[in-house]
>>> print(open('entry-v8.pdb').read())   # PDB, C-alpha atoms, pLDDT in the B column
MODEL        1
ATOM      1  CA  MET A   1       0.000   0.000   0.000  1.00 41.00           C
ATOM      2  CA  THR A   2       1.440   3.357  -1.047  1.00 44.00           C
ATOM      3  CA  SER A   3       1.119   6.308   1.287  1.00 46.00           C
ATOM      4  CA  THR A   4       0.510   9.769  -0.134  1.00 55.00           C
ATOM      5  CA  SER A   5       0.658  12.954   1.869  1.00 60.00           C
ATOM      6  CA  HIS A   6      -2.370  15.164   2.234  1.00 61.00           C
ATOM      7  CA  PRO A   7      -2.305  18.317   0.046  1.00 57.00           C
ATOM      8  CA  LEU A   8      -2.487  20.469   3.178  1.00 62.00           C
ATOM      9  CA  SER A   9       0.417  18.714   4.905  1.00 78.00           C
ATOM     10  CA  SER A  10       2.555  21.540   3.504  1.00 88.00           C
ATOM     11  CA  LEU A  11       0.702  24.807   2.909  1.00 90.00           C
ATOM     12  CA  ALA A  12       1.946  28.299   2.066  1.00 93.00           C
ATOM     13  CA  ILE A  13      -0.335  31.326   2.179  1.00 93.00           C
ATOM     14  CA  TYR A  14       1.298  34.394   0.643  1.00 93.00           C
ATOM     15  CA  ASN A  15       0.470  37.955  -0.422  1.00 94.00           C
ATOM     16  CA  VAL A  16      -1.487  38.620   2.786  1.00 94.00           C
ATOM     17  CA  ARG A  17      -1.565  41.104   5.642  1.00 93.00           C
ATOM     18  CA  VAL A  18      -0.481  38.962   8.577  1.00 93.00           C
ATOM     19  CA  VAL A  19      -1.775  40.159  11.951  1.00 90.00           C
ATOM     20  CA  LEU A  20       0.631  39.436  14.813  1.00 90.00           C
ATOM     21  CA  PRO A  21       0.524  40.412  18.512  1.00 88.00           C
ATOM     22  CA  ASP A  22       3.061  43.196  17.916  1.00 92.00           C
ATOM     23  CA  GLY A  23       1.973  44.495  14.512  1.00 92.00           C
ATOM     24  CA  ILE A  24       0.965  43.736  10.945  1.00 93.00           C
ATOM     25  CA  ILE A  25       3.150  42.388   8.150  1.00 95.00           C
ATOM     26  CA  GLU A  26       1.767  44.074   5.011  1.00 94.00           C
ATOM     27  CA  ASN A  27       3.130  41.656   2.382  1.00 95.00           C
ATOM     28  CA  GLY A  28       3.374  38.563   4.520  1.00 95.00           C
ATOM     29  CA  ALA A  29       3.463  34.856   4.056  1.00 95.00           C
ATOM     30  CA  VAL A  30       2.777  31.929   6.365  1.00 93.00           C
ATOM     31  CA  ARG A  31       3.981  28.359   5.964  1.00 92.00           C
ATOM     32  CA  ILE A  32       2.113  25.529   7.683  1.00 90.00           C
ATOM     33  CA  ALA A  33       3.559  22.031   7.952  1.00 90.00           C
ATOM     34  CA  ASP A  34       1.573  19.099   9.330  1.00 86.00           C
ATOM     35  CA  GLY A  35      -1.015  21.423  10.879  1.00 82.00           C
ATOM     36  CA  THR A  36       1.477  23.684  12.669  1.00 87.00           C
ATOM     37  CA  ILE A  37       2.536  27.222  11.761  1.00 89.00           C
ATOM     38  CA  GLU A  38       6.158  26.714  10.807  1.00 91.00           C
ATOM     39  CA  ARG A  39       7.209  30.137   9.567  1.00 92.00           C
ATOM     40  CA  ILE A  40       5.898  33.686   9.148  1.00 94.00           C
ATOM     41  CA  THR A  41       7.809  36.045   6.850  1.00 94.00           C
ATOM     42  CA  ASP A  42       7.548  39.387   5.115  1.00 93.00           C
ATOM     43  CA  GLY A  43       8.208  38.030   1.648  1.00 84.00           C
ATOM     44  CA  ALA A  44       8.897  34.746  -0.094  1.00 80.00           C
ATOM     45  CA  ILE A  45       8.046  31.638   1.893  1.00 83.00           C
ATOM     46  CA  GLY A  46       9.561  28.851  -0.204  1.00 79.00           C
ATOM     47  CA  GLN A  47       8.140  25.648  -1.614  1.00 80.00           C
ATOM     48  CA  ALA A  48       4.971  24.045  -0.312  1.00 84.00           C
ATOM     49  CA  ARG A  49       2.758  21.240  -1.569  1.00 84.00           C
ATOM     50  CA  THR A  50      -0.162  23.698  -1.762  1.00 89.00           C
ATOM     51  CA  SER A  51       0.160  27.478  -2.164  1.00 90.00           C
ATOM     52  CA  ILE A  52      -2.618  30.034  -1.811  1.00 91.00           C
ATOM     53  CA  ASN A  53      -2.440  33.641  -3.011  1.00 92.00           C
ATOM     54  CA  GLY A  54      -4.214  35.616  -0.301  1.00 92.00           C
ATOM     55  CA  LYS A  55      -4.775  38.577  -2.683  1.00 93.00           C
ATOM     56  CA  LYS A  56      -3.890  41.142   0.008  1.00 93.00           C
ATOM     57  CA  GLY A  57      -6.497  39.729   2.406  1.00 90.00           C
ATOM     58  CA  TRP A  58      -6.082  39.599   6.177  1.00 88.00           C
ATOM     59  CA  LEU A  59      -4.600  36.532   7.866  1.00 89.00           C
ATOM     60  CA  LEU A  60      -4.735  35.993  11.604  1.00 83.00           C
ATOM     61  CA  PRO A  61      -2.487  32.972  12.351  1.00 69.00           C
ATOM     62  CA  GLY A  62      -3.949  30.779  15.045  1.00 66.00           C
ATOM     63  CA  LEU A  63      -7.508  32.083  14.682  1.00 62.00           C
ATOM     64  CA  VAL A  64      -9.522  29.026  13.841  1.00 59.00           C
ATOM     65  CA  ASP A  65     -13.200  29.583  14.580  1.00 53.00           C
ATOM     66  CA  LEU A  66     -15.130  32.713  15.484  1.00 58.00           C
ATOM     67  CA  HIS A  67     -18.092  30.587  16.564  1.00 62.00           C
ATOM     68  CA  GLY A  68     -20.884  29.193  14.575  1.00 65.00           C
ATOM     69  CA  ASP A  69     -23.288  26.378  15.199  1.00 68.00           C
ATOM     70  CA  ALA A  70     -23.875  25.901  11.476  1.00 77.00           C
ATOM     71  CA  LEU A  71     -20.705  23.819  11.042  1.00 79.00           C
ATOM     72  CA  GLU A  72     -22.121  21.011  13.141  1.00 82.00           C
ATOM     73  CA  SER A  73     -25.298  21.052  11.046  1.00 85.00           C
ATOM     74  CA  ALA A  74     -23.262  20.960   7.840  1.00 87.00           C
ATOM     75  CA  ILE A  75     -21.330  17.912   9.051  1.00 87.00           C
ATOM     76  CA  ALA A  76     -24.387  16.076  10.376  1.00 89.00           C
ATOM     77  CA  PRO A  77     -27.588  17.432   8.823  1.00 88.00           C
ATOM     78  CA  ARG A  78     -29.311  14.393  10.320  1.00 88.00           C
ATOM     79  CA  PRO A  79     -27.811  12.660  13.371  1.00 83.00           C
ATOM     80  CA  ALA A  80     -27.747   9.266  11.639  1.00 88.00           C
ATOM     81  CA  ALA A  81     -26.183  10.608   8.422  1.00 86.00           C
ATOM     82  CA  PRO A  82     -22.956  12.521   9.107  1.00 89.00           C
ATOM     83  CA  PHE A  83     -20.608  13.504   6.285  1.00 90.00           C
ATOM     84  CA  ARG A  84     -16.810  13.297   6.425  1.00 87.00           C
ATOM     85  CA  VAL A  85     -15.356  16.606   7.614  1.00 84.00           C
ATOM     86  CA  ASP A  86     -12.905  16.826   4.688  1.00 84.00           C
ATOM     87  CA  GLN A  87     -15.874  16.630   2.316  1.00 88.00           C
ATOM     88  CA  VAL A  88     -17.870  19.311   4.119  1.00 88.00           C
ATOM     89  CA  ILE A  89     -15.204  21.970   4.765  1.00 84.00           C
ATOM     90  CA  PRO A  90     -14.691  23.197   1.145  1.00 88.00           C
ATOM     91  CA  SER A  91     -18.385  23.901   0.557  1.00 88.00           C
ATOM     92  CA  TYR A  92     -18.855  25.256   4.077  1.00 86.00           C
ATOM     93  CA  ASP A  93     -15.879  27.581   3.551  1.00 84.00           C
ATOM     94  CA  ALA A  94     -17.414  28.829   0.297  1.00 86.00           C
ATOM     95  CA  THR A  95     -20.732  29.465   2.053  1.00 84.00           C
ATOM     96  CA  LEU A  96     -18.997  31.501   4.754  1.00 80.00           C
ATOM     97  CA  ALA A  97     -17.082  33.528   2.147  1.00 83.00           C
ATOM     98  CA  VAL A  98     -20.277  34.356   0.246  1.00 83.00           C
ATOM     99  CA  ASN A  99     -22.006  35.450   3.441  1.00 76.00           C
ATOM    100  CA  GLY A 100     -19.113  37.580   4.654  1.00 64.00           C
TER     101      GLY A 100
ENDMDL
END
>>> encode(input="entry-v8.pdb", output="structure tokens")
Amino acid sequence: MTSTSHPLSSLAIYNVRVVLPDGIIENGAVRIADGTIERITDGAIGQARTSINGKKGWLLPGLVDLHGDALESAIAPRPAAPFRVDQVIPSYDATLAVNG
């Protein structure tokens, strides 16, 4: 059996305003490896399996969830019929983006 790594096992988000406790990096980049923030820079971040152009958006490293009960309903619209989280997150993310 061949093992393949998940596309998000190495993620770079670049061209973003990175908000840090002591200020904002205007043209920042963040590299995430195996679910952990590995590096935050004010420029190039290097190679990653997946790269996302943040298009000058705001990035708050470590901020995961502002609170919303809708995620649980998206994962399990009926208690006996839950969906896999990795299948739900892309469409849920798009719904959140559309609704601001």
>>> closest_residue(input="entry-v8.pdb", among="A:Thr36, A:Leu60, A:Asn99, A:Gly54", to="Pro21 of chain A", atoms="only C-alpha atoms")
A:Leu60
>>> residues_around(input="entry-v8.pdb", residues="Glu26 of chain A", least_positions_apart="6", cutoff="10 Å", atoms="all atoms listed in the file", output="NGL selection string")
:A and (15-19 or 42-43 or 56-58)
>>> atom_distance(input="entry-v8.pdb", atom1="atom CA of Leu59 of chain A", atom2="atom CA of Pro77 of chain A")
29.9 Å
>>> atom_distance(input="entry-v8.pdb", atom1="atom CA of Ser9 of chain A", atom2="atom CA of Arg49 of chain A")
7.3 Å
>>> resolve_selection(input="entry-v8.pdb", expression="the PyMOL selection byres ((chain A and resi 38) around 12)", output="VMD selection string")
chain A and resid 9 to 13 29 to 37 39 to 41 45 to 46 48 61 to 62
>>> atom_distance(input="entry-v8.pdb", atom1="atom CA of Tyr92 of chain A", atom2="atom CA of Ser73 of chain A")
10.4 Å
>>> residues_around(input="entry-v8.pdb", residues="Ala74 of chain A", least_positions_apart="4", cutoff="9 Å", atoms="all atoms listed in the file", output="PyMOL selection string")
chain A and resi 70+82-83+88-89+92
>>> closest_residue(input="entry-v8.pdb", among="A:Asn27, A:Gln47, A:Leu20, A:Leu71", to="Leu96 of chain A", atoms="all atoms listed in the file")
A:Leu71
>>> closest_residue(input="entry-v8.pdb", among="A:Tyr14, A:Gly28, A:Ser91, A:Val98", to="Thr50 of chain A", atoms="all atoms listed in the file")
A:Tyr14
>>> decode(input="entry-v8.pdb", residues="segment 29-44 of chain A", atoms="N, CA and C atoms", output="PDB file, in the first residue's frame")
ATOM      1  N   ALA A  29       3.678  36.230   4.485  1.00  0.00           N
ATOM      2  CA  ALA A  29       3.463  34.856   4.056  1.00  0.00           C
ATOM      3  C   ALA A  29       3.571  33.954   5.276  1.00  0.00           C
ATOM      4  N   VAL A  30       2.779  32.891   5.265  1.00  0.00           N
ATOM      5  CA  VAL A  30       2.777  31.929   6.365  1.00  0.00           C
ATOM      6  C   VAL A  30       2.928  30.539   5.773  1.00  0.00           C
ATOM      7  N   ARG A  31       3.790  29.750   6.382  1.00  0.00           N
ATOM      8  CA  ARG A  31       3.981  28.359   5.964  1.00  0.00           C
ATOM      9  C   ARG A  31       3.497  27.459   7.094  1.00  0.00           C
ATOM     10  N   ILE A  32       2.672  26.482   6.728  1.00  0.00           N
ATOM     11  CA  ILE A  32       2.113  25.529   7.683  1.00  0.00           C
ATOM     12  C   ILE A  32       2.579  24.141   7.276  1.00  0.00           C
ATOM     13  N   ALA A  33       3.106  23.396   8.220  1.00  0.00           N
ATOM     14  CA  ALA A  33       3.559  22.031   7.952  1.00  0.00           C
ATOM     15  C   ALA A  33       2.915  21.104   8.967  1.00  0.00           C
ATOM     16  N   ASP A  34       2.237  20.090   8.477  1.00  0.00           N
ATOM     17  CA  ASP A  34       1.573  19.099   9.330  1.00  0.00           C
ATOM     18  C   ASP A  34       0.696  19.742  10.395  1.00  0.00           C
ATOM     19  N   GLY A  35      -0.050  20.789   9.990  1.00  0.00           N
ATOM     20  CA  GLY A  35      -1.015  21.423  10.879  1.00  0.00           C
ATOM     21  C   GLY A  35      -0.447  22.427  11.855  1.00  0.00           C
ATOM     22  N   THR A  36       0.842  22.747  11.742  1.00  0.00           N
ATOM     23  CA  THR A  36       1.477  23.684  12.669  1.00  0.00           C
ATOM     24  C   THR A  36       2.093  24.848  11.897  1.00  0.00           C
ATOM     25  N   ILE A  37       1.887  26.076  12.387  1.00  0.00           N
ATOM     26  CA  ILE A  37       2.536  27.222  11.761  1.00  0.00           C
ATOM     27  C   ILE A  37       4.033  27.056  11.934  1.00  0.00           C
ATOM     28  N   GLU A  38       4.722  26.974  10.805  1.00  0.00           N
ATOM     29  CA  GLU A  38       6.158  26.714  10.807  1.00  0.00           C
ATOM     30  C   GLU A  38       6.974  27.995  10.664  1.00  0.00           C
ATOM     31  N   ARG A  39       6.432  28.943   9.860  1.00  0.00           N
ATOM     32  CA  ARG A  39       7.209  30.137   9.567  1.00  0.00           C
ATOM     33  C   ARG A  39       6.293  31.267   9.129  1.00  0.00           C
ATOM     34  N   ILE A  40       6.603  32.488   9.580  1.00  0.00           N
ATOM     35  CA  ILE A  40       5.898  33.686   9.148  1.00  0.00           C
ATOM     36  C   ILE A  40       6.961  34.651   8.651  1.00  0.00           C
ATOM     37  N   THR A  41       6.798  35.151   7.420  1.00  0.00           N
ATOM     38  CA  THR A  41       7.809  36.045   6.850  1.00  0.00           C
ATOM     39  C   THR A  41       7.161  37.263   6.207  1.00  0.00           C
ATOM     40  N   ASP A  42       8.011  38.194   5.826  1.00  0.00           N
ATOM     41  CA  ASP A  42       7.548  39.387   5.115  1.00  0.00           C
ATOM     42  C   ASP A  42       7.982  39.337   3.651  1.00  0.00           C
ATOM     43  N   GLY A  43       7.841  38.178   3.054  1.00  0.00           N
ATOM     44  CA  GLY A  43       8.208  38.030   1.648  1.00  0.00           C
ATOM     45  C   GLY A  43       8.018  36.599   1.202  1.00  0.00           C
ATOM     46  N   ALA A  44       8.983  36.111   0.434  1.00  0.00           N
ATOM     47  CA  ALA A  44       8.897  34.746  -0.094  1.00  0.00           C
ATOM     48  C   ALA A  44       8.920  33.726   1.034  1.00  0.00           C
TER      49      ALA A  44
END
